[in-house]
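*Asks:* Structure file final_6.txt (compact mmCIF, N, CA and C atoms) right here:
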# COMPACT_ATOMS: atom_id res chain seq x y z
N MET S 840 16.52 -0.87 -12.75
CA MET S 840 15.91 -0.23 -11.62
C MET S 840 14.51 -0.82 -11.39
N ARG S 841 14.21 -1.11 -10.16
CA ARG S 841 12.94 -1.71 -9.80
C ARG S 841 11.88 -0.64 -9.57
N ASN S 842 10.66 -0.88 -10.05
CA ASN S 842 9.58 0.07 -9.84
C ASN S 842 9.13 0.04 -8.39
N LYS S 843 8.70 1.19 -7.90
CA LYS S 843 8.12 1.27 -6.56
C LYS S 843 6.64 0.98 -6.69
N HIS S 844 6.10 0.17 -5.80
CA HIS S 844 4.68 -0.15 -5.80
C HIS S 844 4.02 0.59 -4.65
N LEU S 845 2.90 1.26 -4.95
CA LEU S 845 2.14 1.97 -3.94
C LEU S 845 0.69 1.51 -3.99
N LYS S 846 0.09 1.32 -2.83
CA LYS S 846 -1.32 0.97 -2.77
C LYS S 846 -2.14 2.23 -2.97
N ILE S 847 -3.31 2.06 -3.62
CA ILE S 847 -4.22 3.18 -3.84
C ILE S 847 -5.64 2.65 -3.75
N LYS S 848 -6.54 3.42 -3.14
CA LYS S 848 -7.94 3.02 -3.00
C LYS S 848 -8.65 3.10 -4.34
N PRO S 849 -9.71 2.30 -4.53
CA PRO S 849 -10.41 2.25 -5.82
C PRO S 849 -10.90 3.60 -6.34
N GLU S 850 -11.48 4.42 -5.46
CA GLU S 850 -12.01 5.70 -5.93
C GLU S 850 -10.90 6.62 -6.44
N TYR S 851 -9.73 6.56 -5.83
CA TYR S 851 -8.60 7.37 -6.28
C TYR S 851 -7.95 6.77 -7.52
N PHE S 852 -7.90 5.44 -7.58
CA PHE S 852 -7.33 4.77 -8.75
C PHE S 852 -8.15 5.13 -9.99
N GLN S 853 -9.47 5.05 -9.86
CA GLN S 853 -10.34 5.36 -11.00
C GLN S 853 -10.16 6.81 -11.43
N ALA S 854 -10.02 7.72 -10.46
CA ALA S 854 -9.81 9.13 -10.79
C ALA S 854 -8.48 9.33 -11.52
N VAL S 855 -7.46 8.56 -11.16
CA VAL S 855 -6.16 8.65 -11.84
C VAL S 855 -6.31 8.21 -13.29
N ILE S 856 -6.90 7.04 -13.52
CA ILE S 856 -6.97 6.54 -14.90
C ILE S 856 -7.98 7.31 -15.75
N ASP S 857 -8.94 7.98 -15.09
CA ASP S 857 -9.89 8.83 -15.83
C ASP S 857 -9.29 10.20 -16.15
N GLY S 858 -8.14 10.53 -15.54
CA GLY S 858 -7.51 11.83 -15.75
C GLY S 858 -8.01 12.92 -14.82
N ARG S 859 -8.87 12.57 -13.85
CA ARG S 859 -9.39 13.57 -12.90
C ARG S 859 -8.45 13.81 -11.73
N LYS S 860 -7.44 12.97 -11.56
CA LYS S 860 -6.50 13.11 -10.44
C LYS S 860 -5.08 12.94 -11.00
N PRO S 861 -4.49 14.04 -11.48
CA PRO S 861 -3.16 13.96 -12.11
C PRO S 861 -2.01 14.19 -11.13
N PHE S 862 -2.22 13.87 -9.85
CA PHE S 862 -1.19 14.11 -8.85
C PHE S 862 -1.35 13.08 -7.72
N GLU S 863 -0.31 12.97 -6.93
CA GLU S 863 -0.33 12.14 -5.72
C GLU S 863 0.31 12.93 -4.60
N ILE S 864 -0.14 12.72 -3.40
CA ILE S 864 0.51 13.25 -2.20
C ILE S 864 0.88 12.03 -1.37
N ARG S 865 2.16 11.87 -1.14
CA ARG S 865 2.66 10.69 -0.44
C ARG S 865 3.74 11.04 0.55
N LYS S 866 3.87 10.21 1.57
CA LYS S 866 5.00 10.35 2.48
C LYS S 866 6.26 10.08 1.67
N ASN S 867 7.27 10.88 1.86
CA ASN S 867 8.49 10.77 1.04
C ASN S 867 9.48 9.77 1.63
N ASP S 868 8.99 8.66 2.12
CA ASP S 868 9.86 7.63 2.69
C ASP S 868 10.57 6.81 1.62
N ARG S 869 10.21 7.02 0.37
CA ARG S 869 10.84 6.28 -0.74
C ARG S 869 11.73 7.18 -1.59
N LYS S 870 11.93 8.39 -1.13
CA LYS S 870 12.84 9.35 -1.81
C LYS S 870 12.48 9.49 -3.29
N PHE S 871 11.26 9.92 -3.56
CA PHE S 871 10.78 10.09 -4.92
C PHE S 871 11.62 11.12 -5.68
N LYS S 872 11.84 10.84 -6.97
CA LYS S 872 12.60 11.74 -7.84
C LYS S 872 11.87 11.87 -9.18
N VAL S 873 12.08 13.00 -9.84
CA VAL S 873 11.54 13.19 -11.18
C VAL S 873 12.09 12.07 -12.06
N GLY S 874 11.21 11.46 -12.85
CA GLY S 874 11.62 10.35 -13.72
C GLY S 874 11.36 8.98 -13.13
N ASP S 875 11.10 8.91 -11.82
CA ASP S 875 10.80 7.61 -11.20
C ASP S 875 9.54 7.03 -11.82
N GLU S 876 9.56 5.73 -12.06
CA GLU S 876 8.36 5.03 -12.51
C GLU S 876 7.78 4.30 -11.31
N ILE S 877 6.49 4.49 -11.11
CA ILE S 877 5.80 3.95 -9.94
C ILE S 877 4.59 3.17 -10.41
N VAL S 878 4.33 2.05 -9.76
CA VAL S 878 3.14 1.25 -10.05
C VAL S 878 2.13 1.52 -8.95
N LEU S 879 0.97 2.05 -9.34
CA LEU S 879 -0.13 2.22 -8.40
C LEU S 879 -0.98 0.96 -8.45
N ASP S 880 -1.05 0.23 -7.35
CA ASP S 880 -1.83 -1.00 -7.28
C ASP S 880 -3.13 -0.71 -6.53
N GLU S 881 -4.25 -0.99 -7.20
CA GLU S 881 -5.55 -0.72 -6.58
C GLU S 881 -5.86 -1.77 -5.53
N TYR S 882 -6.05 -1.31 -4.31
CA TYR S 882 -6.42 -2.20 -3.21
C TYR S 882 -7.78 -1.78 -2.68
N GLU S 883 -8.61 -2.75 -2.46
CA GLU S 883 -9.95 -2.48 -1.97
C GLU S 883 -9.96 -2.33 -0.45
N GLY S 884 -8.79 -2.23 0.14
CA GLY S 884 -8.72 -2.06 1.59
C GLY S 884 -8.69 -3.39 2.31
N ALA S 885 -8.72 -3.28 3.62
CA ALA S 885 -8.65 -4.47 4.45
C ALA S 885 -10.06 -4.92 4.80
N ARG S 886 -10.25 -6.20 4.85
CA ARG S 886 -11.52 -6.76 5.28
C ARG S 886 -11.24 -7.78 6.38
N TYR S 887 -12.13 -7.82 7.31
CA TYR S 887 -11.99 -8.77 8.41
C TYR S 887 -12.84 -9.99 8.12
N PHE S 888 -12.27 -11.15 8.40
CA PHE S 888 -12.99 -12.40 8.27
C PHE S 888 -13.33 -12.91 9.65
N GLU S 889 -14.13 -13.91 9.69
CA GLU S 889 -14.47 -14.53 10.96
C GLU S 889 -13.18 -14.96 11.66
N GLU S 890 -13.12 -14.68 12.92
CA GLU S 890 -11.92 -15.02 13.67
C GLU S 890 -11.74 -16.53 13.73
N CYS S 891 -10.50 -16.95 13.72
CA CYS S 891 -10.23 -18.39 13.77
C CYS S 891 -10.41 -18.92 15.19
N ASP S 892 -10.38 -20.22 15.32
CA ASP S 892 -10.58 -20.88 16.62
C ASP S 892 -9.51 -20.51 17.63
N TYR S 893 -8.38 -20.03 17.16
CA TYR S 893 -7.26 -19.79 18.06
C TYR S 893 -7.18 -18.34 18.52
N TYR S 894 -8.18 -17.53 18.22
CA TYR S 894 -8.12 -16.12 18.57
C TYR S 894 -7.98 -15.97 20.09
N ASN S 895 -7.00 -15.19 20.49
CA ASN S 895 -6.67 -14.97 21.91
C ASN S 895 -6.37 -16.26 22.67
N ASN S 896 -6.02 -17.29 21.96
CA ASN S 896 -5.71 -18.56 22.60
C ASN S 896 -4.49 -19.14 21.91
N CYS S 897 -3.45 -18.35 21.85
CA CYS S 897 -2.28 -18.73 21.07
C CYS S 897 -1.08 -18.91 21.99
N ASP S 898 -0.52 -20.10 22.02
CA ASP S 898 0.65 -20.37 22.86
C ASP S 898 1.81 -19.46 22.50
N CYS S 899 1.91 -19.12 21.22
CA CYS S 899 3.00 -18.26 20.77
C CYS S 899 2.93 -16.90 21.45
N LEU S 900 1.72 -16.35 21.57
CA LEU S 900 1.57 -15.06 22.24
C LEU S 900 1.98 -15.16 23.70
N ASP S 901 1.55 -16.22 24.36
CA ASP S 901 1.91 -16.41 25.77
C ASP S 901 3.43 -16.46 25.92
N ASP S 902 4.08 -17.20 25.04
CA ASP S 902 5.54 -17.31 25.08
C ASP S 902 6.19 -15.95 24.88
N ALA S 903 5.67 -15.18 23.92
CA ALA S 903 6.25 -13.87 23.62
C ALA S 903 6.06 -12.90 24.78
N TYR S 904 4.89 -12.95 25.41
CA TYR S 904 4.66 -12.08 26.57
C TYR S 904 5.62 -12.44 27.70
N GLU S 905 5.82 -13.73 27.91
CA GLU S 905 6.74 -14.17 28.97
C GLU S 905 8.18 -13.73 28.69
N GLU S 906 8.52 -13.59 27.41
CA GLU S 906 9.86 -13.13 27.04
C GLU S 906 9.99 -11.62 27.12
N GLY S 907 8.91 -10.94 27.52
CA GLY S 907 8.97 -9.49 27.71
C GLY S 907 8.56 -8.66 26.52
N PHE S 908 8.01 -9.26 25.50
CA PHE S 908 7.54 -8.49 24.35
C PHE S 908 6.26 -7.74 24.71
N GLY S 909 6.08 -6.54 24.15
CA GLY S 909 4.81 -5.83 24.25
C GLY S 909 3.82 -6.47 23.30
N GLU S 910 2.57 -6.02 23.32
CA GLU S 910 1.53 -6.67 22.51
C GLU S 910 1.85 -6.65 21.02
N GLU S 911 2.20 -5.48 20.47
CA GLU S 911 2.49 -5.41 19.03
C GLU S 911 3.72 -6.23 18.68
N GLU S 912 4.75 -6.16 19.50
CA GLU S 912 5.96 -6.95 19.25
C GLU S 912 5.66 -8.44 19.31
N ALA S 913 4.81 -8.82 20.27
CA ALA S 913 4.45 -10.24 20.41
C ALA S 913 3.74 -10.74 19.16
N ILE S 914 2.79 -9.95 18.67
CA ILE S 914 2.05 -10.35 17.47
C ILE S 914 2.99 -10.43 16.28
N ASP S 915 3.85 -9.40 16.11
CA ASP S 915 4.82 -9.42 15.01
C ASP S 915 5.72 -10.65 15.09
N ASN S 916 6.19 -10.95 16.29
CA ASN S 916 7.07 -12.10 16.50
C ASN S 916 6.37 -13.40 16.10
N CYS S 917 5.13 -13.54 16.50
CA CYS S 917 4.39 -14.76 16.18
C CYS S 917 4.06 -14.85 14.69
N GLN S 918 3.75 -13.72 14.08
CA GLN S 918 3.47 -13.74 12.64
C GLN S 918 4.71 -14.14 11.86
N GLU S 919 5.87 -13.62 12.27
CA GLU S 919 7.11 -13.96 11.59
C GLU S 919 7.39 -15.44 11.69
N SER S 920 7.05 -16.03 12.81
CA SER S 920 7.32 -17.46 12.99
C SER S 920 6.18 -18.32 12.43
N LYS S 921 5.19 -17.68 11.81
CA LYS S 921 4.06 -18.37 11.17
C LYS S 921 3.25 -19.20 12.17
N ARG S 922 3.30 -18.82 13.43
CA ARG S 922 2.57 -19.58 14.43
C ARG S 922 1.30 -18.88 14.89
N LEU S 923 1.08 -17.66 14.47
CA LEU S 923 -0.06 -16.90 14.96
C LEU S 923 -1.19 -16.96 13.94
N ARG S 924 -2.13 -17.83 14.16
CA ARG S 924 -3.25 -17.95 13.24
C ARG S 924 -4.35 -16.98 13.59
N CYS S 925 -4.34 -16.44 14.79
CA CYS S 925 -5.46 -15.62 15.24
C CYS S 925 -5.51 -14.25 14.59
N CYS S 926 -4.47 -13.80 13.92
CA CYS S 926 -4.51 -12.50 13.26
C CYS S 926 -4.67 -12.64 11.76
N GLU S 927 -4.80 -13.83 11.27
CA GLU S 927 -4.88 -14.04 9.83
C GLU S 927 -6.25 -13.72 9.26
N HIS S 928 -7.17 -13.28 10.10
CA HIS S 928 -8.50 -12.94 9.57
C HIS S 928 -8.53 -11.56 8.93
N LEU S 929 -7.45 -10.81 8.99
CA LEU S 929 -7.36 -9.50 8.35
C LEU S 929 -6.59 -9.66 7.04
N LYS S 930 -7.22 -9.34 5.93
CA LYS S 930 -6.58 -9.49 4.62
C LYS S 930 -6.73 -8.20 3.82
N HIS S 931 -5.74 -7.89 3.03
CA HIS S 931 -5.79 -6.75 2.12
C HIS S 931 -6.06 -7.31 0.72
N PHE S 932 -7.00 -6.71 0.02
CA PHE S 932 -7.41 -7.22 -1.27
C PHE S 932 -6.90 -6.38 -2.42
N TYR S 933 -6.14 -7.00 -3.29
CA TYR S 933 -5.66 -6.38 -4.52
C TYR S 933 -6.70 -6.67 -5.59
N SER S 934 -7.16 -5.62 -6.27
CA SER S 934 -8.24 -5.77 -7.25
C SER S 934 -7.77 -6.40 -8.56
N GLY S 935 -6.45 -6.37 -8.81
CA GLY S 935 -5.94 -6.86 -10.08
C GLY S 935 -5.67 -5.74 -11.06
N ARG S 936 -6.00 -4.49 -10.68
CA ARG S 936 -5.76 -3.36 -11.57
C ARG S 936 -4.55 -2.57 -11.07
N SER S 937 -3.69 -2.19 -12.02
CA SER S 937 -2.50 -1.41 -11.71
C SER S 937 -2.29 -0.36 -12.79
N CYS S 938 -1.52 0.64 -12.43
CA CYS S 938 -1.24 1.73 -13.35
C CYS S 938 0.22 2.12 -13.20
N LEU S 939 0.96 2.09 -14.28
CA LEU S 939 2.35 2.50 -14.27
C LEU S 939 2.40 3.98 -14.60
N ILE S 940 3.00 4.77 -13.71
CA ILE S 940 3.10 6.21 -13.91
C ILE S 940 4.57 6.63 -13.86
N LYS S 941 4.85 7.81 -14.41
CA LYS S 941 6.20 8.37 -14.38
C LYS S 941 6.10 9.79 -13.82
N ILE S 942 6.89 10.07 -12.77
CA ILE S 942 6.84 11.37 -12.11
C ILE S 942 7.38 12.46 -13.03
N LYS S 943 6.58 13.55 -13.17
CA LYS S 943 6.99 14.71 -13.97
C LYS S 943 7.58 15.81 -13.09
N GLU S 944 6.88 16.17 -12.03
CA GLU S 944 7.32 17.25 -11.14
C GLU S 944 7.08 16.84 -9.69
N ILE S 945 7.92 17.35 -8.80
CA ILE S 945 7.77 17.09 -7.37
C ILE S 945 7.69 18.42 -6.64
N PHE S 946 6.78 18.49 -5.67
CA PHE S 946 6.59 19.70 -4.88
C PHE S 946 6.71 19.36 -3.41
N SER S 947 7.53 20.12 -2.71
CA SER S 947 7.71 19.94 -1.28
C SER S 947 6.49 20.51 -0.54
N LEU S 948 6.12 19.87 0.54
CA LEU S 948 5.01 20.36 1.36
C LEU S 948 5.51 20.79 2.74
N LYS S 949 6.76 21.21 2.79
CA LYS S 949 7.39 21.57 4.07
C LYS S 949 6.74 22.76 4.75
N GLY S 950 6.05 23.63 4.03
CA GLY S 950 5.39 24.78 4.63
C GLY S 950 4.20 24.42 5.51
N LEU S 951 3.68 23.22 5.32
CA LEU S 951 2.56 22.74 6.13
C LEU S 951 3.10 21.81 7.21
N GLU S 952 3.01 22.26 8.45
CA GLU S 952 3.66 21.56 9.56
C GLU S 952 3.34 20.06 9.61
N GLU S 953 2.06 19.70 9.45
CA GLU S 953 1.67 18.29 9.56
C GLU S 953 2.07 17.47 8.32
N LEU S 954 2.54 18.12 7.26
CA LEU S 954 2.91 17.42 6.03
C LEU S 954 4.39 17.57 5.69
N THR S 955 5.23 17.83 6.66
CA THR S 955 6.65 18.07 6.37
C THR S 955 7.34 16.86 5.77
N ASP S 956 6.88 15.67 6.07
CA ASP S 956 7.50 14.45 5.53
C ASP S 956 6.87 14.00 4.22
N PHE S 957 5.97 14.82 3.65
CA PHE S 957 5.24 14.44 2.46
C PHE S 957 5.67 15.27 1.25
N VAL S 958 5.41 14.72 0.07
CA VAL S 958 5.61 15.45 -1.18
C VAL S 958 4.38 15.27 -2.06
N ALA S 959 4.19 16.20 -2.96
CA ALA S 959 3.17 16.07 -3.99
C ALA S 959 3.91 15.91 -5.30
N PHE S 960 3.38 15.10 -6.19
CA PHE S 960 4.00 14.99 -7.50
C PHE S 960 2.96 14.81 -8.58
N THR S 961 3.27 15.35 -9.75
CA THR S 961 2.44 15.14 -10.93
C THR S 961 3.09 14.02 -11.74
N PHE S 962 2.33 13.43 -12.64
CA PHE S 962 2.84 12.27 -13.37
C PHE S 962 2.15 12.10 -14.71
N ASP S 963 2.76 11.31 -15.54
CA ASP S 963 2.16 10.84 -16.79
C ASP S 963 1.81 9.38 -16.61
N ILE S 964 0.69 8.97 -17.16
CA ILE S 964 0.33 7.55 -17.14
C ILE S 964 1.03 6.88 -18.31
N ILE S 965 1.76 5.83 -18.01
CA ILE S 965 2.46 5.08 -19.04
C ILE S 965 1.61 3.90 -19.50
N GLN S 966 1.03 3.19 -18.53
CA GLN S 966 0.30 1.98 -18.87
C GLN S 966 -0.67 1.64 -17.75
N VAL S 967 -1.82 1.11 -18.13
CA VAL S 967 -2.80 0.60 -17.17
C VAL S 967 -2.97 -0.87 -17.48
N TYR S 968 -2.98 -1.70 -16.46
CA TYR S 968 -3.16 -3.12 -16.72
C TYR S 968 -4.04 -3.77 -15.66
N VAL S 969 -4.70 -4.83 -16.12
CA VAL S 969 -5.62 -5.57 -15.28
C VAL S 969 -5.15 -7.01 -15.25
N SER S 970 -4.84 -7.51 -14.06
CA SER S 970 -4.41 -8.90 -13.88
C SER S 970 -3.46 -9.36 -14.97
N SER S 971 -2.40 -8.66 -15.15
CA SER S 971 -1.32 -8.96 -16.09
C SER S 971 -1.70 -8.82 -17.55
N SER S 972 -2.91 -8.31 -17.87
CA SER S 972 -3.20 -8.00 -19.27
C SER S 972 -3.11 -6.48 -19.42
N TYR S 973 -2.36 -6.02 -20.40
CA TYR S 973 -2.08 -4.61 -20.57
C TYR S 973 -3.18 -3.94 -21.35
N VAL S 974 -3.49 -2.70 -20.97
CA VAL S 974 -4.54 -1.92 -21.62
C VAL S 974 -3.96 -0.57 -22.01
N ASP S 975 -4.20 -0.12 -23.24
CA ASP S 975 -3.78 1.21 -23.63
C ASP S 975 -4.62 2.24 -22.90
N VAL S 976 -4.00 3.34 -22.53
CA VAL S 976 -4.70 4.40 -21.79
C VAL S 976 -5.91 4.88 -22.58
N GLU S 977 -5.81 4.96 -23.90
CA GLU S 977 -6.91 5.44 -24.74
C GLU S 977 -8.14 4.54 -24.68
N GLU S 978 -7.97 3.26 -24.33
CA GLU S 978 -9.09 2.33 -24.28
C GLU S 978 -9.95 2.53 -23.06
N LEU S 979 -9.48 3.25 -22.07
CA LEU S 979 -10.23 3.40 -20.81
C LEU S 979 -11.27 4.49 -20.89
Could you write out this structure as structure tokens?

*Replies:*
Amino acid sequence: MRNKHLKIKPEYFQAVIDGRKPFEIRKNDRKFKVGDEIVLDEYEGARYFEECDYYNNCDCLDDAYEEGFGEEEAIDNCQESKRLRCCEHLKHFYSGRSCLIKIKEIFSLKGLEELTDFVAFTFDIIQVYVSSSYVDVEEL
């Protein structure tokens, strides 16, 4: 069985490995179950870089618009074809820190209208690792 990978912000990741945050609230689009092992990957978020020379001057976008694609579809189409350089200035940064957890309990949030598609779960930390070097939880 393959582990599910979830992105987590640095402040929440640190709280997890420090033991101050023994739960997660997530959209249940991955059908979480008790016993699932999940890898929390610390991401520092997205950062924008200087726009490339081709920003808003991409033949691929023009072609996609002519074919009737909307703006988001056009960008997706161009990115898939590796021809859209103008959106490559947005990057997500992985810090190199990850934490393997195992779900202990799951709680439905259906009583809260805006959170009907979400679940909360508690977990045990199995392993914390940094850039492929493993660290015992006690060392943190």

*Asks:* What's the 6.5 Å shell around Lys866 (chain S), counting only N, CA and C atoms, without same-chain residues fewer than 3 positions away, as a VMD selection string?

*Replies:* chain S and resid 869 956 to 958

*Asks:* Between S:Glu953, S:Ser934, S:Asn842, S:Ser970, which has the minimum distance to Asp875 (chain S) (counting only N, CA and C atoms)?

*Replies:*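 That would be S:Asn842, the residue with the smallest distance to Asp875 (chain S).
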
*Asks:* So which one's closest to Phe932 (chain S), S:Glu881, S:Glu863, S:Asp963, S:Glu876? Using only N, CA and C atoms, please.

*Replies:*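 Nearest to Phe932 (chain S): S:Glu881.
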
*Asks:* Figure out the distance between CA of Asp857 (chain S) and CA of Leu951 (chain S), please, to one decimal in Å.

*Replies:*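 Atom-to-atom, CA of Leu951 (chain S) to CA of Asp857 (chain S), that is 28.8 Å.
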
*Asks:* Report the distance between atom C of Val878 (chain S) and atom N of Glu952 (chain S) in Å, rounded to one decimal place.

*Replies:*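 Going from atom C of Val878 (chain S) over to atom N of Glu952 (chain S) covers 27.1 Å.
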
*Asks:* For Phe871 (chain S), which residue among S:Arg859, S:Gly935, S:Ile945, S:Ile964 is the nearest when counting all atoms listed in the file?

*Replies:* S:Ile945

*Asks:* Please provide the set of residues having any atom within 5 Å of Ser937 (chain S), restricted to all atoms listed in the file, with same-chain residues fewer than 4 positions apart removed, written as an MDAnalysis selection string.

*Replies:* chainID S and resid 879:881 967:969

*Asks:* Distance CA of Gly874 (chain S)-CA of Lys943 (chain S), one decimal place?

*Replies:*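 Going from CA of Gly874 (chain S) over to CA of Lys943 (chain S) covers 6.4 Å.
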
*Asks:* Applying 6.5 Å and only N, CA and C atoms, which residues near Ile965 (chain S) remain after dropping the ones on its own chain fewer than 4 positions away? List them as a PyMOL selection string.

*Replies:* chain S and resi 938-941+976

*Asks:* For the residues selected in the previous step, produce a file with N, CA and C atoms as an mmCIF file, in the frame of the given file.

*Replies:*
data_model
loop_
_atom_site.group_PDB
_atom_site.id
_atom_site.type_symbol
_atom_site.label_atom_id
_atom_site.label_comp_id
_atom_site.auth_asym_id
_atom_site.auth_seq_id
_atom_site.Cartn_x
_atom_site.Cartn_y
_atom_site.Cartn_z
ATOM 1 N N CYS S 938 -1.520 0.640 -12.430
ATOM 2 C CA CYS S 938 -1.240 1.730 -13.350
ATOM 3 C C CYS S 938 0.220 2.120 -13.200
ATOM 4 N N LEU S 939 0.960 2.090 -14.280
ATOM 5 C CA LEU S 939 2.350 2.500 -14.270
ATOM 6 C C LEU S 939 2.400 3.980 -14.600
ATOM 7 N N ILE S 940 3.000 4.770 -13.710
ATOM 8 C CA ILE S 940 3.100 6.210 -13.910
ATOM 9 C C ILE S 940 4.570 6.630 -13.860
ATOM 10 N N LYS S 941 4.850 7.810 -14.410
ATOM 11 C CA LYS S 941 6.200 8.370 -14.380
ATOM 12 C C LYS S 941 6.100 9.790 -13.820
ATOM 13 N N VAL S 976 -4.000 3.340 -22.530
ATOM 14 C CA VAL S 976 -4.700 4.400 -21.790
ATOM 15 C C VAL S 976 -5.910 4.880 -22.580
#

*Asks:* For a quick check of understanding, using all atoms listed in the file, which of S:Gly950, S:His844, S:Glu850, S:Glu944 has the smallest distance to Glu883 (chain S)?

*Replies:*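 Closest to Glu883 (chain S), using all atoms listed in the file: S:Glu850.
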
*Asks:* Around all of region 960-968 of chain S's listed atoms, make the axis-aligned box with 3 Å on each side and tell me centre and edge lengths in Å to one decimal, as lines of an AutoDock Vina configuration file.

*Replies:*
center_x = 0.0
center_y = 5.8
center_z = -12.8
size_x = 14.0
size_y = 25.1
size_z = 19.3

*Asks:* Between S:Ile942, S:Gln966, S:Tyr882, S:Tyr933, which is the closest to Pro849 (chain S) once you count only C-alpha atoms?

*Replies:*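 Closest to Pro849 (chain S), using only C-alpha atoms: S:Tyr882.
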